[in-house]
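Structure record follows, encoded as structure tokens.
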Amino acid sequence: MNTKNDLKELLKSKLKEIFRFEDSDLDFGIYKILNYKRKEIEKFIEEELIEKIKQELEILDQTQKEKYKEKLNYLLKDETIEKYQEAKKNKDEEKIKFYKEEFGDKITEYELLSEKLDTYSVSEDLEKQIYNHLINFFSRCYDKGDFISKRRYGKKEKYCIPYNGEEVYLYWANKDQYYIKTTEYFHKYTFKAKNLTVNFRVVEAEEEKGNIKSPEKKFFVLNKKIFDFDEEKRKLNIYFEYRGLTEDEEKKYKHGNSAKQEKINEEIVKILDERIPKNNLARLIFEKKEDKSLIEKHLYRYTRRNTTDYFIHKDLKRFLERELDFYIKNEFLQLEDLQVLEQSGYFDRVKLYLNKVKAFRNIALKIIDFLTQIENFQKKIWEKKKFVIDTHYVITLDKIKEYAGEKFLESILDEILNNEKQVKEWKELFGIEVKRKEDLIVNNEQLQFNGKKWKKLPIDTKYFNEKIKWKLLAALSEKKNLDDILDGVLIKSENFHALNLLLNKYYEKVQTIYIDPPYNTGNDDFLYKDNYQHSSWLTMMENRLRLAKELMKKDGVIFISIDDNELERLKILNENIFGEHKFLENFIWNNTSTPPSLSNISRKNVEYILTFLKSDITRKFKGRLAEGNDAPLLNRDNPIRVLEFPPSSVQFNIPDGIYSKGVKKRVELLDDIIVENGLNKNKFRLKFESKWTQETLNNEIQKGTLFLVKSKEFSIRYKRKSSETDWIVPDKYIDNVFLNKKAGVGTNEDASKEIINLELTFDSYPKPSSLIHYLIRFNTELNGIVLDFFAGSGTTAHAVMKLNKEDGGKREFILVEMADYFDTVIIPRIKKVAYSFNWKEGKPKDMDGIGVFFKYHTLEQYEDALENIEFGEPQKTLYELPDYFVKYMLEWETKKSRTFLNIDKMKDPFNYKLKVIENYQQKIVNVDLVETFNYLLGLNVSRYKVLEDNGRKYVFVFGEKDGKKIAIIWRNVKDIDLEKDKKIIEGNIEEFKLDEIYINGDAVVKNFKPIEPLFKSLMFEEIE
């Protein structure tokens, strides 16, 4: 049986586990902060907490003594006791003997009470009970870095859940938490060993599923390949699988009751030591740093980072206090203990019992306060709206001409042509050699009626300096509203942080959301806490869907791709978020023409698209055009003309295939036609008696007029875009078998072909652009906003651009993705599609693209924010606050950290720096405060104006918010002449009728508002 000291040490050990003492060598995230304050935390556990326990026990002691004292005082009022005391004082043995004989019971009671009052102290058993309950309670709530409810009605009962009498209630273990895990450090982890680069790589597991004992509990184990080493590049790749263990592996790596990752790590190091040859550069990984080798240190760091700390509580204090009260009622207070009511003196016993409960609760609350401080600090960092780290723009040459004019485009051509990186990208993406201005013009020998026709080649401002970027933005927005002419926004970020930053600017503005989240199959990229696969996934989805709902217009619709694994749970979750009656449909998509034959039951060839509405919708969904209501373009009384039809402009109700040129019944087909997915894949010419000229045809195409070929006679018909009655609502079953006449939706195989033809590499399973094109057409108006916050390969942007091309719309796409293929797939894909929609083996087949103008950001991430936490010396008076260390330390001592907006560092707003992790290495970068504040304020940017004056750069941002015209002025305020500054500012804003003016730093401009306090308050707006 454990002694009191044993239990005291067990409690300390449990608290050190909760405060991550075993991870003292981890130097990232919350571990870094806890390590920085390790001495203070240790002092709390070893001294302050033990002192608190001692104080509570002394209170119990004092309470009991007061009870004895009260009884003794009552007895002392008795005349017999008074005379007995007097006899004892006078040492009158005869009288003492008399009183004991005559009043024995009364005298005995008096003597016993006097003795208890002098010698009473809390029993060791009672002290042990309190230690035991503290250990049990915190062990029950804590699990490998996370706090999770495991309520029981009693010691022998199963778990129970909080429930308020709802008819149907969806509950999961992590419901009141944030899911914070990302795969950023999962697939690729890199470290340096002197001049050697070491990469950890996760590859697909080779073990058969049936051979895995516990597939839901996963470990990092070496892949059969083990490693490869490139001596020339000085690069070592070590290959892992992340999977469940086989029965043999379970036995081999068992430590205590179960297999441990630490045991596997020991084996990995041993194997590498055996396999890497002596005198090989790769052996640098075995160099010792303190008591561990580099490979041991980084292997532990890597596996810990990816297998712990999945959640942050939204309200840990409320959760733990609720769990504590439940524990007291169901575990501390036992029914058998209430039998004291049947015994004499039961009121005193009950009072002692309740005092014992109070002591336990007070001690537990002290620990809860400290844990809450740490959890709330993490929550503050997680919920904080993140900084925009950088902003770049991509715009095609034709769009520069359209928005800024040909004169401006001509004026920057030399800078473009002299930019080797930009010219090199054109060669890589399009196979085009650009050496001179003429190479940028289509049909250089022919001038268009409105000037030159420029190729849709994209300019990416990341290849140019800031001066060029601002010059371009100022020119584009001189006559156009900048945000209105943008075709899209891309954000490289964990999607929760991106959605959180978008809230103020896009609140209730998004008409359509399409997402393709991880399906939680166990074999995809979704990381989940052991034994909490479904609840981890539900928490991740719930956090993000609640933010997404805030962005949706009242008639907004969300489409979510999913398969059987989470279909039912996702539907109930969405009913909780959007409302049971906001469910619209569960579309069934025939996702493959070659379903796998892995099951003895059925071949899986469908996925689902759950569809929910934000509030109200009156329009019907546009599935496909109704037959009829069309008219012939061929007319005997018209002259014979040759009309050219661009790709995807004609809908064919004949089978897919290649149709050879030649004379048909009443038309002559001058080119072969490739019909694919019911549309012409290539441009083609028809010669026939046409009502329209080529110019009229082009205008009709821009208006969204549809052209139809219903038979192999190729007698072409047209149908003007008109009322909703021309459209048939979509079928529930989206079947590629009937795509010629119905949906026109491809399969996964088609999606892969799209990626291959664009000569891009995407390892996951993309969706075909035809599917998303089909879905967003249902409800998205010509100028609607389409959001995808699991952007993957960028198919949603592709689909939006294609639909805009077809019907002349100006829909805007917003894509969010944090993986590396943001840069390697999404951005190149949009650039390529802007140039041409038709690609084969990495080469454009034409130049029929739509052109594009979009911006892309990189955001600060949660891990970046943690890296920028800095501790300062607090005012000495703070130490006098009761419970300063337990409740307020982190808040006060880190308040000047740059991630929390250090106003002192904003004097030069163009040089505000943060530490970020890039390519798995820390680097210091400038933050884009201008764009960050635009998002925080929710500004619709109309114009930028940039100038050099007063010895500094000025950036003027003009825009609108809630009907108010706003100007924001940024400049370096160090050594500024404020009077001259006033003249510059007023001279540049006088033409605008402004309602509000925001200026950073000091200013003497009339009625201006300082940026800094508003910036800070908006950054820390609470998430509801």
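Residues are named by chain letter and number: chains run A, B, ... in the order of the structure tokens, numbers start at 1 in each chain, and ligands are numbered from 1 in the order shown.
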Legend entry - Filtered DSSP result for segment 319-516 of chain A, state helix (DSSP H, G or I), as a ChimeraX atom specification: /A:319-332,335-342,346-383,397-404,406-417,420-430,437-440,461-463,466-476,482-485,495-506
Inset, instruction - Find the spatial neighbours of Glu863 of chain A, counting only C-alpha atoms, within a cut-off of 10 Å - ignore same-chain residues fewer than 6 positions away - and output them as a PyMOL selection string. - result: chain A and resi 28-30+180+381-382+916-917
Okay, now the selection with C-alpha atoms, as a PDB file, in the first residue's frame?
```
ATOM      1  CA  PHE A  28       9.355  23.945 -30.617  1.00  0.00           C
ATOM      2  CA  GLY A  29       5.814  25.153 -29.997  1.00  0.00           C
ATOM      3  CA  ILE A  30       4.367  25.094 -26.508  1.00  0.00           C
ATOM      4  CA  ILE A 180      -4.600  22.062 -34.365  1.00  0.00           C
ATOM      5  CA  ILE A 381      -2.302  32.266 -30.202  1.00  0.00           C
ATOM      6  CA  TRP A 382      -4.514  29.860 -32.174  1.00  0.00           C
ATOM      7  CA  VAL A 916       8.804  31.939 -39.698  1.00  0.00           C
ATOM      8  CA  ILE A 917       9.514  28.338 -40.614  1.00  0.00           C
TER       9      ILE A 917
END
```
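As for atom CA of Asn136 of chain A and atom CA of Leu7 of chain A, they are spaced 11.0 Å apart.
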Inset, instruction - With a distance cut-off of 12 Å and only C-alpha atoms, select the neighbouring residues of Leu294 of chain A, excluding the residue or stretch itself and same-chain residues fewer than 2 positions from it, and output the selection as a ChimeraX atom specification. - result: /A:191-194,196,198,269,282-292,296-302
Create the file for the chosen residues now, containing C-alpha atoms and written as an mmCIF file, in the first residue's frame.
```
data_model
loop_
_atom_site.group_PDB
_atom_site.id
_atom_site.type_symbol
_atom_site.label_atom_id
_atom_site.label_comp_id
_atom_site.auth_asym_id
_atom_site.auth_seq_id
_atom_site.Cartn_x
_atom_site.Cartn_y
_atom_site.Cartn_z
ATOM 1 C CA PHE A 191 17.498 18.968 -40.379
ATOM 2 C CA LYS A 192 21.158 19.755 -40.920
ATOM 3 C CA ALA A 193 24.153 17.828 -39.628
ATOM 4 C CA LYS A 194 26.989 20.202 -40.520
ATOM 5 C CA LEU A 196 24.711 17.132 -44.590
ATOM 6 C CA VAL A 198 18.813 14.897 -43.654
ATOM 7 C CA VAL A 269 18.826 4.120 -34.751
ATOM 8 C CA ALA A 282 25.941 10.195 -43.654
ATOM 9 C CA ARG A 283 27.394 9.061 -40.318
ATOM 10 C CA LEU A 284 27.323 12.703 -39.229
ATOM 11 C CA ILE A 285 23.830 11.897 -37.898
ATOM 12 C CA PHE A 286 25.434 9.881 -35.087
ATOM 13 C CA GLU A 287 27.435 12.796 -33.725
ATOM 14 C CA LYS A 288 26.557 13.418 -30.089
ATOM 15 C CA LYS A 289 24.977 16.623 -28.924
ATOM 16 C CA GLU A 290 24.990 16.567 -25.139
ATOM 17 C CA ASP A 291 23.795 13.061 -24.193
ATOM 18 C CA LYS A 292 22.031 12.144 -27.461
ATOM 19 C CA GLU A 296 18.128 10.262 -31.703
ATOM 20 C CA LYS A 297 17.222 13.853 -30.946
ATOM 21 C CA HIS A 298 15.491 14.542 -34.265
ATOM 22 C CA LEU A 299 13.768 11.175 -34.420
ATOM 23 C CA TYR A 300 12.248 11.812 -31.007
ATOM 24 C CA ARG A 301 11.342 15.363 -32.020
ATOM 25 C CA TYR A 302 9.745 14.210 -35.278
#
```
Inset, instruction - Find the residues near Glu607 of chain A: any atom within 8 Å, counting only C-alpha atoms, skip ones fewer than 6 places away on the same chain, and give them as a ChimeraX atom specification. - result: /A:561-564,588-591
Inset, instruction - Within segment 175-306 of chain A, find each residue whose DSSP state, derived from the backbone, is strand (DSSP E), and express the selection as a VMD selection string. - result: chain A and resid 177 to 179 188 to 193 196 to 202 219 to 230 235 to 243 254 to 255 258 to 259 288 to 289 292 to 293
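Once segment 695-705 of chain A and its same-chain neighbours fewer than 2 positions away are set aside, A:Leu643, A:Ser649, A:Trp692, A:Thr693, A:Phe707, A:Tyr718, A:Lys719, A:Arg720, A:Lys721, A:Lys805, A:Glu806, A:Asp807, A:Gly808 remain within 8 Å of it when counting only C-alpha atoms.
Relative to atom CA of Leu429 of chain A, atom CA of Lys831 of chain A is found at 8.2 Å.
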Spatial neighbours of Phe956 of chain A, 8 Å, only C-alpha atoms, chain gap at least 4 places, as a tab-separated table (two decimals) with N, CA and C atoms, in the first residue's frame:
```tsv
chain	number	residue	atom	x	y	z
A	944	TYR	N	-4.74	51.76	-54.97
A	944	TYR	CA	-3.47	52.00	-54.28
A	944	TYR	C	-2.78	53.20	-54.92
A	945	LYS	N	-2.12	53.95	-54.07
A	945	LYS	CA	-1.31	55.07	-54.56
A	945	LYS	C	-0.01	55.07	-53.76
A	946	VAL	N	1.12	55.05	-54.45
A	946	VAL	CA	2.41	54.94	-53.77
A	946	VAL	C	3.32	56.06	-54.25
A	967	ALA	N	-9.73	55.86	-46.29
A	967	ALA	CA	-8.33	55.93	-46.73
A	967	ALA	C	-7.44	55.46	-45.59
A	968	ILE	N	-6.42	54.68	-45.94
A	968	ILE	CA	-5.44	54.20	-44.97
A	968	ILE	C	-4.07	54.63	-45.46
A	969	ILE	N	-3.32	55.29	-44.59
A	969	ILE	CA	-2.02	55.81	-44.99
A	969	ILE	C	-0.93	55.18	-44.13
A	970	TRP	N	0.09	54.64	-44.82
A	970	TRP	CA	1.23	54.00	-44.15
A	970	TRP	C	2.51	54.72	-44.54
```
